[in-house]
Number of protein chains: 2
Amino acid sequence: MLNPKSVNLGKARSPIRELFEYAKTRKKQIGEENVFDFSLGNPDVPPPEQATEALIKIISECEPVALHGYTSAQGDFSVREAVARDLNARYRADLDADCIYMTCGAAASLTITLNALVNVGDEVLCFTPYFPEYRVFSERAGAKFIAVESEEGSFQPDLNKLERALGERTKAVIINSPNNPSGVVYGEEVIKKLCALLCEFSARRGEPVYLISDEPYREIVYGGVKIPCVMNYYADSIICYSYSKSLSLPGERIGYIAVNKKAGGFAELYAAVCGAGRALGYVCAPTLFQRLVEKCAGLVSDLSAYKSNRDILCAALEEYGFSFVRPDGAFYLFVKSPEADANAFVARAKKYEILFVAGDGFGCAGYARIAYCVSREMLARSLPAFKALAEEYNLKN
Amino acid sequence: MLNPKSVNLGKARSPIRELFEYAKTRKKQIGEENVFDFSLGNPDVPPPEQATEALIKIISECEPVALHGYTSAQGDFSVREAVARDLNARYRADLDADCIYMTCGAAASLTITLNALVNVGDEVLCFTPYFPEYRVFSERAGAKFIAVESEEGSFQPDLNKLERALGERTKAVIINSPNNPSGVVYGEEVIKKLCALLCEFSARRGEPVYLISDEPYREIVYGGVKIPCVMNYYADSIICYSYSKSLSLPGERIGYIAVNKKAGGFAELYAAVCGAGRALGYVCAPTLFQRLVEKCAGLVSDLSAYKSNRDILCAALEEYGFSFVRPDGAFYLFVKSPEADANAFVARAKKYEILFVAGDGFGCAGYARIAYCVSREMLARSLPAFKALAEEYNLKN
C-alpha cells in the first residue's frame with residue numbers, strides 16, 4: 001500500500017493548482033484572449049531589468065564550477081550576509097549571516113520551519129483566511145492545524161479568539177501579512193498586541209509559542225502602508241520569505257528563513273532548521289539564484305502595475321455591486337460571494353470565462369479569491385464579464 | 001521543545017558536509033593549495049559550453065514572466081517530454097511525459113519518492129556501502145532503514161542476504177550504481193538476478209517491493225561499462241535522477257523522478273509522488289534549469305578528467321600499497337583503511353592535509369571514501385602526501 005496521504009494529496013491537488021491546469025486547457029480550447037484567468041499568484045510584472053542583467057553577468061563572468069557548485073546547506077555565507085544586511089537596513093532587525101538559511105522558496109521555508117519545530121500532536125494556529133498549503137505543510141510535519149477566525153468583515157486578527165485557541169500543545173502561530181487571499185495588511189498596533197499576547201502566554205506556560213511570519217508579499221503594499229517587522233516585537237519569531245513576488249521569480253524557487261537572534265535557545269533553533277532542511281532533501285538553495293540575491297537583495301520589481309490593477313478592479317467591482325475588503329497589499333482581492341455557496345459562485349463565473357478560486361480552501365466559506373497579478377489588457381477585457389456576472393445576481397437591485 | 005530529530009540532524013550534520021566545512025576553514029588557514037580536499041562530490045569539470053550558452057540564450061531571449069513563472073508542479077510538459085524522449089532513446093525505456101516528475105535534484109527525488117511510498121513502520125532496504133542520507137531520508141519518511149551487506153571485497157549485491165532481508169514490511173529497495181562511495185557498477189547480469197528475485201518475492205507476497213534506482217552518476221562510467229535500465233527488467237521501478245553530475249550543476253538543484261509506466265497501479269503511484277512533493281514544499285523545480293534540461297537533456301560534461309584522475313589515483317594508491325576495488329564509475333574510490341578504525345585513518349590523513357570521509361557513515365566500517373572529482377593539479381600535488389601516509393603505515397612491508 002502506498003502512503004495514502006500522499007496519494008490523496010496528489011489526486012486532490014490544491015484547488016488553486018487545479019484551476020491553473022483548467023485554465024491552461026481552456027486557453028487552448030477558446031484562445032488565450034478569451035479566458036480571464038485570475039486563478040494563480042503568478043506575477044505578471046517581469047523581474048527588474050537589473051536582475052536579468054545581473055543573471056547574465058553572473059553566468060558569463062563567474063567561474064562555472066564554483067558558480068554552479070554546492071554551497072553550504074544553509075546557503076553561501078556572503079549571500080546570507082547580504083540578506084541580513086538588507087533586513088537590518090530596512091527593518092532595523094538585528095540579524096547576521098548566521099541567522100539566515102537560504103531556501104528553495106516560500107513553501108520550502110515553511111515546511112522546513114514546521115519540521116524544525118513540530119513534534120507529533122503539537123498544534124499550529126493560523127487566522128482565517130489562510131493559504132491552504134499551511135494546513136498541508138503543518139499536518140505533514142505532524143501537527144494539528146487549527147484555524148482561528150479573524151474579525152468578521154475586516155479580516156484582522158481576532159485576538160480574543162486567538163487567546164482562547166492557545167493551549168498546552170500550541171507550538172506556533174503562522175501569520176501572513178499582506179495576506180493571501182485577502183490582501184489585508186496587519187498594522188503595527190495589531191502586531192504589537194498580538195506579540196504581547198504571545199509573550200504573556202509563553203511566559204505563563206514556561207515554553208515559547210513561535211511566531212512564524214510568512215512574508216512573500218512584504219514589498220507589495222499600497223498607499224504608504226508599512227509592514228512591521230515581527231522581530232522587533234517578539235523574540236521567538238521566524239520570518240519565512242521568498243523572492244517569488246518581489247523579484248518576480250516564482251518558478252526559480254529562492255527564498256530564506258530568518259531566525260531571530262533573540263530567540264531563546266537560538267543555536268538549537270537554527271540547528272533544527274538545518275536538520276529539517278536536510279531531512280526533507282533540501283541540499284542547498286539554487287546557487288545561481290543565491291548569487292542573484294547577493295547582488296539584488298534590496299531590489300523590487302516595478303509593482304505599480306499591481307496598484308493600478310487593484311484600483312481598476314476595486315472601482316469596477318464596487319460599481320457592479322460586489323462586496324469586498326479593499327486590499328492594502330499583495331495582489332489578491334477577496335470578494336464576498338453573492339450566494340451562500342462560493343463554489344457555485346465560482347462555477348457561475350466560469351460560464352463567463354472568469355477563473356478564480358472559492359474561499360473554502362482558504363478556510364473562509366462564502367468568499368472567493370481574485371488574483372489580479374494579470375496584464376492590464378486582460379483585466380480591462382474581463383470587466384464586462386464581471387459586470388454580466390453581477391447582473392446575473394442582480395446585485396444593483 | 002523543538003523537534004529533537006531535526007535538532008540532532010542539524011547539529012550532527014552529515015559527516016561529508018562536516019568535512020566540507022572543515023576544508024573551507026582549513027584552506028583559509030594554510031592556503032587553498034596546501035589542502036588536499038577529497039571530501040565532497042562537487043564536480044570539478046565545468047558544465048558543457050553549450051549548456052552555459054543555452055542558459056544565456058534562454059535568459060536573453062525568453063519572455064521573462066513566462067520564463068521565471070511557476071510551472072505545473074510535476075514540471076513543464078515539454079521539459080518532461082524532452083526527458084522521456086532522452087531516456088527512451090538511450091535506454092529503450094517506454095516512458096512519456098506523464099511518467100516524469102521534475103525535482104530540485106537527487107535528494108528531492110529520493111525524499112519525494114520515499115514519502116510517496118512509505119507508511120510508518122515500513123522497511124527500506126539498501127546494500128552497503130550506501131550514501132548516508134538514504135538513512136536520514138528513509139527514517140524521516142517513517143521507514144525503518146535496513147542495510148544489507150554487499151559481497152565482501154567486490155561490493156556487488158549479495159542476493160542471498162537480500163533474500164533473507166525481504167519481509168512482510170519491505171516497501172522498497174534502493175540501489176545506487178555507479179555507487180557512491182565505492183564507484184562500483186552493477187552489470188546487467190546482477191540487475192537481472194536482483195529483479196528476478198524481487199519479482200518472485202513480490203508475486204509470492206501479493207504486493208510489490210518497489211525498486212528505487214538512484215542514478216546521479218549514470219553517465220560517469222569508464223572503459224565502455226554499460227548501466228542497465230532497471231525499467232527494462234522490473235515493472236515496479238522508479239528512477240531518481242539529478243543533472244548535478246552529468247551537467248556539473250550540483251548547486252542548481254535540478255533532476256527528476258521517472259515512474260515506470262508498467263508499474264502496477266501507475267496512476268496512484270504517480271499521484272503519490274505528486275502528493276509527497278506537495279507536502280514537502282516542492283512547488284516546482286527551478287524553471288530556468290527546467291528550460292535548460294529541455295535543451296540539453298542528452299548532453300554530458302567532458303568527463304574524461306574523471307577517468308584520468310581515476311587512473312592516476314588508482315596507479316598511485318596501488319603503488320603505495322593501499323587496497324581498494326577499482327571503480328568503474330562515479331568519481332569515488334573506496335579505500336580499505338590500513339587500521340581497523342577508519343576514523344583513525346581519516347584523522348591520520350588529516351595530518352598530511354588529505355581530507356576524505358570514513359566509511360562508517362556509509363554503513364561500511366574499515367573503509368574511507370576518496371572523492372576524486374578534483375583538479376589534476378591538486379591530485380598531483382597530493383600524491384606525495386598519500387605516499388607519506390602509506391609509509392606511516394608501512395604498507396610496502
# chains A, B, ... in the order shown; residues from 1 in each chain; ligands from 1
>>> residues_around(residues="region 73-84 of chain A", least_positions_apart="6", cutoff="8 Å", atoms="only C-alpha atoms", output="count of residues only")
21
>>> residues_around(residues="region 347-353 of chain A", least_positions_apart="5", cutoff="7 Å", atoms="only C-alpha atoms", output="list in words")
Val35, Phe36, Ala385 and Leu389 of chain A
>>> residues_around(residues="Cys240 (chain B)", least_positions_apart="3", cutoff="7 Å", atoms="only C-alpha atoms", output="MDAnalysis selection string")
chainID B and resid 106 109:110 213:215 256:258
>>> atom_distance(atom1="CA of Asn260 (chain B)", atom2="CA of Met231 (chain B)")
6.2 Å
>>> residues_around(residues="Gly281 (chain B)", least_positions_apart="3", cutoff="7 Å", atoms="only C-alpha atoms", output="VMD selection string")
(chain A and resid 107 to 108 111) or (chain B and resid 277 to 278)
>>> write_last_selection(atoms="N, CA and C atoms", output="PDB file, in the first residue's frame")
ATOM      1  N   ALA A 107       7.426  27.961   0.146  1.00  0.00           N
ATOM      2  CA  ALA A 107       6.877  26.688   0.625  1.00  0.00           C
ATOM      3  C   ALA A 107       7.960  25.906   1.362  1.00  0.00           C
ATOM      4  N   ALA A 108       9.170  25.920   0.830  1.00  0.00           N
ATOM      5  CA  ALA A 108      10.281  25.248   1.497  1.00  0.00           C
ATOM      6  C   ALA A 108      10.594  25.922   2.828  1.00  0.00           C
ATOM      7  N   THR A 111       7.856  24.550   5.179  1.00  0.00           N
ATOM      8  CA  THR A 111       7.944  23.133   5.556  1.00  0.00           C
ATOM      9  C   THR A 111       9.174  22.901   6.431  1.00  0.00           C
TER      10      THR A 111
ATOM     11  N   GLY B 277       5.523  15.414  -3.053  1.00  0.00           N
ATOM     12  CA  GLY B 277       6.248  16.636  -3.412  1.00  0.00           C
ATOM     13  C   GLY B 277       5.554  17.867  -2.848  1.00  0.00           C
ATOM     14  N   ARG B 278       4.243  17.841  -2.963  1.00  0.00           N
ATOM     15  CA  ARG B 278       3.448  18.961  -2.465  1.00  0.00           C
ATOM     16  C   ARG B 278       3.589  19.116  -0.943  1.00  0.00           C
TER      17      ARG B 278
END
>>> residues_around(residues="region 197-200 of chain A", least_positions_apart="6", cutoff="12 Å", atoms="only C-alpha atoms", output="VMD selection string")
chain A and resid 125 157 to 167 170 to 173 190 to 191 206 to 212 230 233 to 237 263
>>> residues_around(residues="Glu268 (chain A)", least_positions_apart="6", cutoff="9 Å", atoms="only C-alpha atoms", output="ChimeraX atom specification")
/B:2,7-8,10-11
>>> closest_residue(among="A:Val335, A:Ile58, A:Leu280, A:Ile354", to="chain B", atoms="only C-alpha atoms")
A:Leu280
>>> closest_residue(among="A:Cys229, A:Leu40, A:Ile146, A:Leu249", to="chain B", atoms="only C-alpha atoms")
A:Leu249
>>> residues_around(residues="Ala116 (chain A)", least_positions_apart="4", cutoff="9 Å", atoms="only C-alpha atoms", output="list in words")
Thr111, Ile112, Ala141, Leu269, Tyr270, Ala271, Ala272, Val273, Cys274, Gly275, Ala276 and Gly277 of chain A; Leu2, Asn3, Pro4, Lys5, Ser6 and Val7 of chain B
>>> closest_residue(among="B:Lys245, B:Lys192, B:Arg85, B:Arg26", to="chain A", atoms="only C-alpha atoms")
B:Lys245
>>> closest_residue(among="A:Asn309, A:Met1, A:Ile16, A:Leu55", to="Arg169 (chain B)", atoms="only C-alpha atoms")
A:Met1
>>> select_by_dssp(residues="region 250-306 of chain B", states="alpha helix (DSSP H)", output="ChimeraX atom specification")
/B:266-279,287-296,304-306
>>> closest_residue(among="B:Ala365, B:Cys104, B:Ile238, B:Cys296", to="Gly251 (chain B)", atoms="only C-alpha atoms")
B:Cys104
>>> closest_residue(among="B:Pro286, B:Pro129, B:Pro228, B:Gly31", to="chain A", atoms="only C-alpha atoms")
B:Pro286
>>> atom_distance(atom1="CA of Cys364 (chain B)", atom2="CA of Lys336 (chain B)")
10.0 Å
>>> atom_distance(atom1="CA of Ala23 (chain B)", atom2="CA of Leu355 (chain B)")
7.4 Å
